[in-house]
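Colleague: Just start-v7.txt, nothing more (compact mmCIF, C-alpha atoms):
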# COMPACT_ATOMS: atom_id res chain seq x y z
CA MET A 271 0.00 0.00 0.00
CA PHE A 272 1.01 3.58 -0.80
CA ARG A 273 1.40 5.99 2.06
CA THR A 274 0.70 9.70 1.58
CA GLU A 275 2.97 12.01 3.37
CA LYS A 276 1.23 14.66 5.35
CA ARG A 277 2.48 18.13 4.70
CA ASP A 278 2.66 20.80 7.30
CA TRP A 279 0.01 23.49 6.85
CA LYS A 280 2.77 26.03 7.22
CA GLY A 281 4.26 24.77 3.97
CA TYR A 282 0.99 25.34 2.15
CA ALA A 283 0.74 28.80 3.68
CA ILE A 284 4.25 29.69 2.55
CA GLU A 285 3.56 28.47 -0.98
CA PHE A 286 0.32 30.46 -1.06
CA VAL A 287 2.05 33.60 0.15
CA MET A 288 4.83 33.18 -2.41
CA LEU A 289 2.33 32.60 -5.23
CA PHE A 290 0.24 35.55 -4.13
CA ALA A 291 3.32 37.74 -3.94
CA ALA A 292 4.44 36.66 -7.41
CA VAL A 293 1.02 37.44 -8.93
CA SER A 294 0.79 40.74 -7.08
CA LEU A 295 4.27 41.80 -8.14
CA GLY A 296 3.49 40.89 -11.72
CA PHE A 297 0.29 42.87 -11.55
CA LEU A 298 2.09 45.87 -10.05
CA ALA A 299 4.85 45.63 -12.64
CA GLU A 300 2.28 45.60 -15.45
CA ASN A 301 0.47 48.58 -13.94
CA TYR A 302 3.77 50.42 -13.63
CA ARG A 303 4.60 49.74 -17.28
CA GLU A 304 1.15 50.98 -18.34
CA GLU A 305 1.50 54.11 -16.24
CA GLN A 306 4.95 54.79 -17.67
CA ASN A 307 3.64 54.26 -21.17
CA GLU A 308 0.67 56.58 -20.57
CA GLU A 309 2.95 59.24 -19.10
CA ARG A 310 5.20 58.99 -22.15
CA GLN A 311 2.21 59.23 -24.48
CA ALA A 312 0.85 62.16 -22.48
CA VAL A 313 4.09 64.08 -22.97
CA GLU A 314 4.17 63.26 -26.71
CA LEU A 315 0.53 64.30 -27.17
CA ALA A 316 1.05 67.44 -25.10
CA TYR A 317 4.01 68.47 -27.28
CA SER A 318 2.07 67.76 -30.45
CA LEU A 319 -0.86 69.81 -29.11
CA TYR A 320 1.56 72.58 -28.11
CA ASN A 321 2.78 72.83 -31.72
CA ASP A 322 -0.72 72.54 -33.18
CA VAL A 323 -1.97 75.43 -31.05
CA TYR A 324 1.00 77.51 -32.20
CA GLU A 325 0.15 76.85 -35.87
CA ASP A 326 -3.52 77.59 -35.21
CA SER A 327 -2.59 80.86 -33.50
CA ILE A 328 -0.84 82.05 -36.66
CA ARG A 329 -3.99 81.34 -38.65
CA ILE A 330 -6.22 83.11 -36.12
CA VAL A 331 -3.98 86.18 -36.03
CA ASP A 332 -4.05 86.29 -39.85
CA PHE A 333 -7.85 85.91 -39.70
CA LYS A 334 -8.08 88.86 -37.29
CA GLU A 335 -5.70 91.12 -39.22
CA THR A 336 -7.42 90.42 -42.53
CA LYS A 337 -10.72 91.50 -40.98
CA PHE A 338 -9.14 94.76 -39.79
CA ARG A 339 -7.75 95.46 -43.28
CA GLN A 340 -11.14 94.77 -44.84
CA MET A 341 -12.81 97.11 -42.36
CA ALA A 342 -10.39 99.88 -43.38
CA THR A 343 -11.08 99.13 -47.04
CA TYR A 344 -14.83 99.33 -46.41
CA ASP A 345 -14.38 102.81 -44.91
CA SER A 346 -12.62 103.86 -48.12
CA LEU A 347 -15.38 102.32 -50.26
CA ARG A 348 -18.10 104.11 -48.31
CA GLU A 349 -16.25 107.40 -48.71
CA LEU A 350 -15.84 106.81 -52.45
CA LEU A 351 -19.54 106.04 -52.99
CA SER A 352 -20.51 109.21 -51.12
CA THR A 353 -18.78 111.38 -53.74
CA PRO A 354 -20.85 112.63 -56.72
CA ASN A 355 -18.27 111.50 -59.28
CA TRP A 356 -17.81 107.92 -58.03
CA LYS A 357 -18.67 106.56 -61.49
CA ASN A 358 -15.57 108.25 -62.86
CA ARG A 359 -13.41 106.46 -60.26
CA MET A 360 -14.38 102.93 -61.23
CA ASP A 361 -10.76 101.78 -61.22
CA GLU A 362 -10.59 102.64 -57.50
CA LEU A 363 -13.91 100.93 -56.80
CA TYR A 364 -12.65 97.73 -58.44
CA ARG A 365 -9.53 97.72 -56.27
CA MET A 366 -11.65 98.09 -53.11
CA HIS A 367 -14.17 95.52 -54.28
CA THR A 368 -11.42 93.00 -55.01
CA ALA A 369 -10.04 93.35 -51.47
CA LEU A 370 -13.49 93.15 -49.87
CA MET A 371 -14.49 89.99 -51.71
CA VAL A 372 -11.62 88.04 -50.11
CA ARG A 373 -13.10 84.93 -48.45
CA GLN A 374 -11.22 83.38 -45.60
CA SER A 375 -11.19 79.77 -44.59
CA PHE A 376 -10.20 78.47 -41.18
CA SER A 377 -8.72 74.99 -41.03
CA PRO A 378 -7.07 74.37 -37.65
CA ARG A 379 -4.91 71.31 -37.07
CA GLU A 380 -7.15 68.59 -35.68
CA GLY A 381 -5.05 65.41 -35.55
CA THR A 382 -3.85 65.64 -31.95
CA ILE A 383 -7.08 66.99 -30.51
CA GLN A 384 -9.06 64.22 -32.20
CA GLN A 385 -6.75 61.62 -30.72
CA LEU A 386 -7.26 63.17 -27.29
CA LYS A 387 -11.03 63.26 -27.77
CA ASN A 388 -11.10 59.61 -28.84
CA SER A 389 -9.26 58.68 -25.66
CA GLY A 390 -11.64 60.71 -23.53
CA LEU A 391 -8.69 62.94 -22.55
CA ARG A 392 -7.58 60.10 -20.23
CA TYR A 393 -3.91 60.92 -20.82
CA PHE A 394 -4.38 64.25 -19.12
CA LYS A 395 -5.54 63.82 -15.54
CA ASP A 396 -4.99 67.51 -14.80
CA THR A 397 -8.45 69.10 -14.57
CA ALA A 398 -7.10 72.61 -15.19
CA LEU A 399 -5.40 71.44 -18.39
CA VAL A 400 -8.52 69.64 -19.63
CA ASN A 401 -10.56 72.79 -18.98
CA ARG A 402 -8.15 74.91 -21.00
CA ILE A 403 -8.27 72.44 -23.88
CA GLU A 404 -12.07 72.52 -23.85
CA HIS A 405 -12.15 76.32 -23.72
CA TYR A 406 -9.76 76.52 -26.67
CA GLU A 407 -11.82 74.03 -28.66
CA ALA A 408 -14.96 76.09 -27.99
CA ALA A 409 -13.19 79.26 -29.17
CA LYS A 410 -12.10 77.53 -32.40
CA GLN A 411 -15.62 76.32 -33.03
CA VAL A 412 -16.92 79.87 -32.78
CA ILE A 413 -14.41 80.95 -35.47
CA ARG A 414 -15.64 78.13 -37.72
CA VAL A 415 -19.26 79.23 -37.25
CA ARG A 416 -18.37 82.86 -37.97
CA VAL A 417 -16.54 81.89 -41.16
CA GLU A 418 -19.58 79.91 -42.29
CA ARG A 419 -21.83 82.88 -41.49
CA GLU A 420 -19.74 85.26 -43.60
CA GLN A 421 -19.59 82.84 -46.50
CA THR A 422 -23.37 82.41 -46.33
CA LEU A 423 -23.89 86.19 -46.40
CA MET A 424 -21.58 86.51 -49.40
CA PHE A 425 -23.20 83.61 -51.22
CA ASN A 426 -26.73 84.94 -50.68
CA TYR A 427 -26.17 88.66 -51.25
CA LEU A 428 -22.80 89.50 -52.77
CA ASP A 429 -22.40 86.74 -55.34
CA PRO A 430 -25.66 87.50 -57.23
CA LEU A 431 -24.62 91.16 -57.44
CA ILE A 432 -21.14 90.23 -58.65
CA LEU A 433 -22.55 88.01 -61.39
CA ARG A 434 -24.78 90.84 -62.61
CA PHE A 435 -22.55 93.89 -62.37
CA VAL A 436 -18.86 93.07 -61.84
CA ASP A 437 -16.50 92.29 -64.69
CA MET A 438 -14.78 89.26 -63.16
CA ASP A 439 -12.68 88.81 -66.28
CA ALA A 440 -11.10 92.19 -65.58
CA ILE A 441 -10.40 91.18 -61.99
CA ASP A 442 -8.95 87.84 -63.03
CA LYS A 443 -6.61 89.47 -65.54
CA ASN A 444 -5.49 92.20 -63.16
CA GLN A 445 -4.96 90.29 -59.89
CA THR A 446 -3.31 87.09 -58.70
CA PHE A 447 -5.47 84.64 -56.76
CA TYR A 448 -3.78 81.83 -54.89
CA GLY A 449 -3.28 80.07 -51.57
CA SER A 450 -5.46 78.55 -48.87
CA VAL A 451 -7.32 81.86 -48.51
CA VAL A 452 -9.63 82.26 -51.49
CA GLY A 453 -8.77 85.83 -52.41
CA THR A 454 -5.81 88.08 -53.00
CA PRO A 455 -2.31 87.97 -51.57
CA THR A 456 -2.89 91.34 -49.88
CA ASN A 457 -5.58 89.80 -47.64
CA GLY A 458 -7.97 92.72 -47.62
CA ASP A 459 -5.66 95.72 -48.21
CA PHE A 460 -6.81 97.32 -51.47
CA GLN A 461 -3.86 99.73 -51.60
CA LYS A 462 -1.47 96.85 -52.27
CA LEU A 463 -3.46 95.59 -55.24
CA ASN A 464 -2.51 96.25 -58.83
CA PRO A 465 -4.20 99.42 -60.16
CA TYR A 466 -7.03 98.81 -62.61
CA PRO A 467 -7.11 100.47 -66.03
CA LYS A 468 -9.05 103.72 -66.18
CA GLY A 469 -11.48 102.21 -68.65
CA THR A 470 -12.69 99.51 -66.24
CA ARG A 471 -16.49 99.61 -66.04
CA LEU A 472 -19.40 97.88 -64.34
CA LEU A 473 -21.72 95.64 -66.31
CA HIS A 474 -25.32 96.89 -66.68
CA GLU A 475 -24.17 100.13 -65.08
CA ASN A 476 -27.55 101.86 -65.43
CA GLU A 477 -29.16 99.23 -63.18
CA PHE A 478 -26.47 99.38 -60.51
CA ASP A 479 -27.68 100.62 -57.11
CA PRO A 480 -24.73 101.98 -55.10
CA VAL A 481 -26.76 102.11 -51.87
CA TYR A 482 -27.69 98.44 -52.07
CA TYR A 483 -24.09 97.60 -52.97
CA ARG A 484 -22.78 99.57 -50.00
CA ASN A 485 -25.33 97.96 -47.67
CA ILE A 486 -24.10 94.47 -48.54
CA PHE A 487 -20.57 95.39 -47.52
CA SER A 488 -21.90 97.27 -44.51
CA LEU A 489 -23.53 94.06 -43.32
CA LEU A 490 -20.33 92.14 -43.92
CA ASN A 491 -18.38 94.87 -42.14
CA VAL A 492 -20.47 94.46 -38.98
CA ASN A 493 -19.80 90.73 -39.09
CA ARG A 494 -16.06 91.26 -39.67
CA SER A 495 -15.83 93.85 -36.90
CA THR A 496 -17.33 91.42 -34.40
CA ASP A 497 -15.04 88.64 -35.59
CA SER A 498 -11.85 90.69 -35.26
CA ARG A 499 -12.63 92.60 -32.09
CA VAL A 500 -14.35 89.83 -30.12
CA PHE A 501 -14.16 86.23 -31.31
CA ALA A 502 -10.67 86.19 -32.82
CA GLY A 503 -9.35 87.97 -29.74
CA LEU A 504 -10.91 85.39 -27.43
CA ALA A 505 -9.47 82.52 -29.48
CA ILE A 506 -5.98 84.08 -29.45
CA HIS A 507 -6.18 84.59 -25.67
CA SER A 508 -7.37 81.01 -25.13
CA ALA A 509 -4.53 79.67 -27.31
CA LYS A 510 -1.94 81.68 -25.36
CA GLU A 511 -3.27 80.38 -22.05
CA LEU A 512 -3.21 76.77 -23.23
CA ARG A 513 0.32 77.03 -24.63
CA ALA A 514 1.60 78.71 -21.48
CA TYR A 515 0.06 75.99 -19.30
CA LEU A 516 1.53 73.20 -21.44
CA ARG A 517 4.92 74.92 -21.44
CA ASP A 518 4.97 75.27 -17.65
CA LYS A 519 3.62 71.79 -16.93
CA PHE A 520 5.83 69.83 -19.32
CA GLY A 521 8.84 72.16 -19.57
CA PHE A 522 8.51 72.85 -23.30
CA GLN A 523 10.61 75.57 -24.87
Before anything else, please render the file you have as structure tokens.
Modeller:
Amino acid sequence: MFRTEKRDWKGYAIEFVMLFAAVSLGFLAENYREEQNEERQAVELAYSLYNDVYEDSIRIVDFKETKFRQMATYDSLRELLSTPNWKNRMDELYRMHTALMVRQSFSPREGTIQQLKNSGLRYFKDTALVNRIEHYEAAKQVIRVRVEREQTLMFNYLDPLILRFVDMDAIDKNQTFYGSVVGTPTNGDFQKLNPYPKGTRLLHENEFDPVYYRNIFSLLNVNRSTDSRVFAGLAIHSAKELRAYLRDKFGFQ
């Protein structure tokens, strides 16, 4: 007959403790690796966001400055149309019109922020940082909405008038259109545009209503004034705050 050797319960206890310790240490080691990996990813994402916000800031500042230039151009257009001989200064009107019809787009860099959104911002456990990111995103969204509003106004009111009265062939021959901003390289400053020939005329000139024409740009001017003085300023301030916080928290240069 076989005899089973009785083992001391202390031996079982020691084996259990050793097994438990091994599992626990493995679990802790895995958690540590995950935490280290998340911290590394957090720094990488923060640096990418830091650069994205910088690039966006350049676009927002350009957006703001273009609006200011267009507002100044509108003042010149209004002054021109108030003179009795404005029809004899059509070359000047065309220069102003060309600057005022500049249409801006706003395409911020979205790769990093989308990655953060998809992760539920779990890489950033700093509530103050998350709040600044959310505030900046809200400010960018306002700029997008304002750009869409201006484009809608131009599509509904300005474009029909252009098709009826403005010689776009003359504009196309006289100016250079290029770049991500649909418009001229001067971005709203009519004084930097090429002068138009003195013989430049409106189409269907006898039907042209200068008051209605001025009112369209007056409406756009109100929109542009609000964009430059309020919404662009808020977005720039929010971007500066976010970059400063990222710089201080992660030691970026």
Colleague: Go through A:Asn426, A:Thr336, A:Ser375, A:Thr353 one by one, measure the shortest atom-to-atom distance of each to Phe460 of chain A using all atoms listed in the file, and give the residue with the smallest value.
Modeller: A:Thr336
Colleague: Which distance in Å separates atom CA of Glu362 of chain A and atom CA of Tyr466 of chain A, to one decimal?
Modeller: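 Atom-to-atom, atom CA of Glu362 of chain A and atom CA of Tyr466 of chain A are spaced 7.3 Å apart.
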Colleague: Nearest residue to Lys387 of chain A out of A:Met341, A:Leu315, A:Ile330, A:Ile486, using all atoms listed in the file?
Modeller: A:Leu315
Colleague: Let me make sure I understand: among A:Ala440, A:Ala502, A:Leu489, A:Leu289, which one has the smallest atom-to-atom distance to Leu473 of chain A if we use only C-alpha atoms?
Modeller: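 Looking at the shortest contact to Leu473 of chain A, the residue is A:Ala440.
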Colleague: Out of A:Asn485, A:Thr368, A:Thr496, A:Ser377, which residue has the shortest atom-to-atom distance to Asp326 of chain A when counting all atoms listed in the file?
Modeller: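 Among A:Asn485, A:Thr368, A:Thr496, A:Ser377, it is A:Ser377 that comes nearest to Asp326 of chain A.
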Colleague: Which value, in Å to one decimal, gives the distance between atom CA of Asp459 of chain A and atom CA of Tyr427 of chain A?
Modeller: 21.9 Å
Colleague: Near segment 414-423 of chain A, within 10 Å and counting only C-alpha atoms, which residues show up once chain neighbours fewer than 5 positions away are dropped, as a list in words?
Modeller: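 Counting only the stated atoms, we get Phe333, Arg373, Gln374, Ser375, Phe376, Ser377, Pro378, Ala408, Ala409, Leu428, Asp429, Ile486, Phe487, Leu489, Leu490, Asn491, Asn493, Arg494, Thr496, Asp497, Phe501 and Ala502 of chain A.
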Colleague: Using all atoms listed in the file for the distances, tell me which of A:Arg402, A:Arg499, A:His367, A:Arg434 is nearest to Lys334 of chain A.
Modeller: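 Among the listed residues, A:Arg499 lies closest to Lys334 of chain A.
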Colleague: Which distance in Å separates atom CA of Glu335 of chain A and atom CA of Ser488 of chain A, to one decimal?
Modeller: 18.1 Å
Colleague: What lies within 12 Å of Phe522 of chain A using all atoms listed in the file, ignoring chain neighbours under 3 positions off, as an MDAnalysis selection string?
Modeller: chainID A and resid 313:314 316:321 513:519
Colleague: Residues within 12 Å of Glu349 of chain A, please, as a short mmCIF file (atom, residue, chain, number, x, y, z; two decimals) with C-alpha atoms, in the coordinates of the input. Count only C-alpha atoms; anything in the same chain fewer than 6 positions from it doesn't count.
Modeller:
data_model
loop_
_atom_site.label_atom_id
_atom_site.label_comp_id
_atom_site.auth_asym_id
_atom_site.auth_seq_id
_atom_site.Cartn_x
_atom_site.Cartn_y
_atom_site.Cartn_z
CA ALA A 342 -10.39 99.88 -43.38
CA THR A 343 -11.08 99.13 -47.04
CA ASN A 355 -18.27 111.50 -59.28
CA TRP A 356 -17.81 107.92 -58.03
CA ARG A 359 -13.41 106.46 -60.26
CA GLU A 362 -10.59 102.64 -57.50
CA LEU A 363 -13.91 100.93 -56.80
CA MET A 366 -11.65 98.09 -53.11
CA PRO A 480 -24.73 101.98 -55.10
CA ARG A 484 -22.78 99.57 -50.00
#
Colleague: With distances taken over only C-alpha atoms, which of A:Lys462, A:Tyr483, A:Ile413, A:His405 is nearest to Val331 of chain A?
Modeller: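 Closest residue, counting only C-alpha atoms: A:Ile413.
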Colleague: Start from the incomplete input, build N, CA and C atoms for segment 430-446 of chain A, and deliver everything as a PDB file, keeping the file's coordinate frame.
Modeller:
ATOM      1  N   PRO A 430     -24.718  87.119 -56.160  1.00  0.00           N
ATOM      2  CA  PRO A 430     -25.660  87.500 -57.230  1.00  0.00           C
ATOM      3  C   PRO A 430     -25.356  88.877 -57.814  1.00  0.00           C
ATOM      4  N   LEU A 431     -24.942  89.815 -56.955  1.00  0.00           N
ATOM      5  CA  LEU A 431     -24.620  91.160 -57.440  1.00  0.00           C
ATOM      6  C   LEU A 431     -23.360  91.121 -58.308  1.00  0.00           C
ATOM      7  N   ILE A 432     -22.373  90.344 -57.875  1.00  0.00           N
ATOM      8  CA  ILE A 432     -21.140  90.230 -58.650  1.00  0.00           C
ATOM      9  C   ILE A 432     -21.435  89.676 -60.044  1.00  0.00           C
ATOM     10  N   LEU A 433     -22.239  88.632 -60.103  1.00  0.00           N
ATOM     11  CA  LEU A 433     -22.550  88.010 -61.390  1.00  0.00           C
ATOM     12  C   LEU A 433     -23.253  88.978 -62.343  1.00  0.00           C
ATOM     13  N   ARG A 434     -24.018  89.900 -61.789  1.00  0.00           N
ATOM     14  CA  ARG A 434     -24.780  90.840 -62.610  1.00  0.00           C
ATOM     15  C   ARG A 434     -23.970  92.060 -63.027  1.00  0.00           C
ATOM     16  N   PHE A 435     -23.136  92.568 -62.134  1.00  0.00           N
ATOM     17  CA  PHE A 435     -22.550  93.890 -62.370  1.00  0.00           C
ATOM     18  C   PHE A 435     -21.024  93.933 -62.463  1.00  0.00           C
ATOM     19  N   VAL A 436     -20.323  92.975 -61.920  1.00  0.00           N
ATOM     20  CA  VAL A 436     -18.860  93.070 -61.840  1.00  0.00           C
ATOM     21  C   VAL A 436     -18.204  92.292 -62.968  1.00  0.00           C
ATOM     22  N   ASP A 437     -17.247  92.921 -63.606  1.00  0.00           N
ATOM     23  CA  ASP A 437     -16.500  92.290 -64.690  1.00  0.00           C
ATOM     24  C   ASP A 437     -15.411  91.411 -64.068  1.00  0.00           C
ATOM     25  N   MET A 438     -15.730  90.158 -63.807  1.00  0.00           N
ATOM     26  CA  MET A 438     -14.780  89.260 -63.160  1.00  0.00           C
ATOM     27  C   MET A 438     -13.603  88.925 -64.058  1.00  0.00           C
ATOM     28  N   ASP A 439     -13.793  89.038 -65.365  1.00  0.00           N
ATOM     29  CA  ASP A 439     -12.680  88.810 -66.280  1.00  0.00           C
ATOM     30  C   ASP A 439     -11.605  89.878 -66.076  1.00  0.00           C
ATOM     31  N   ALA A 440     -12.050  91.106 -65.838  1.00  0.00           N
ATOM     32  CA  ALA A 440     -11.100  92.190 -65.580  1.00  0.00           C
ATOM     33  C   ALA A 440     -10.341  91.955 -64.282  1.00  0.00           C
ATOM     34  N   ILE A 441     -11.050  91.472 -63.273  1.00  0.00           N
ATOM     35  CA  ILE A 441     -10.400  91.180 -61.990  1.00  0.00           C
ATOM     36  C   ILE A 441      -9.404  90.038 -62.144  1.00  0.00           C
ATOM     37  N   ASP A 442      -9.812  89.005 -62.857  1.00  0.00           N
ATOM     38  CA  ASP A 442      -8.950  87.840 -63.030  1.00  0.00           C
ATOM     39  C   ASP A 442      -7.669  88.197 -63.780  1.00  0.00           C
ATOM     40  N   LYS A 443      -7.782  89.075 -64.760  1.00  0.00           N
ATOM     41  CA  LYS A 443      -6.610  89.470 -65.540  1.00  0.00           C
ATOM     42  C   LYS A 443      -5.683  90.399 -64.755  1.00  0.00           C
ATOM     43  N   ASN A 444      -6.262  91.160 -63.844  1.00  0.00           N
ATOM     44  CA  ASN A 444      -5.490  92.200 -63.160  1.00  0.00           C
ATOM     45  C   ASN A 444      -4.869  91.754 -61.845  1.00  0.00           C
ATOM     46  N   GLN A 445      -5.416  90.707 -61.212  1.00  0.00           N
ATOM     47  CA  GLN A 445      -4.960  90.290 -59.890  1.00  0.00           C
ATOM     48  C   GLN A 445      -4.514  88.834 -59.905  1.00  0.00           C
ATOM     49  N   THR A 446      -3.787  88.464 -58.868  1.00  0.00           N
ATOM     50  CA  THR A 446      -3.310  87.090 -58.700  1.00  0.00           C
ATOM     51  C   THR A 446      -4.060  86.455 -57.539  1.00  0.00           C
TER      52      THR A 446
END
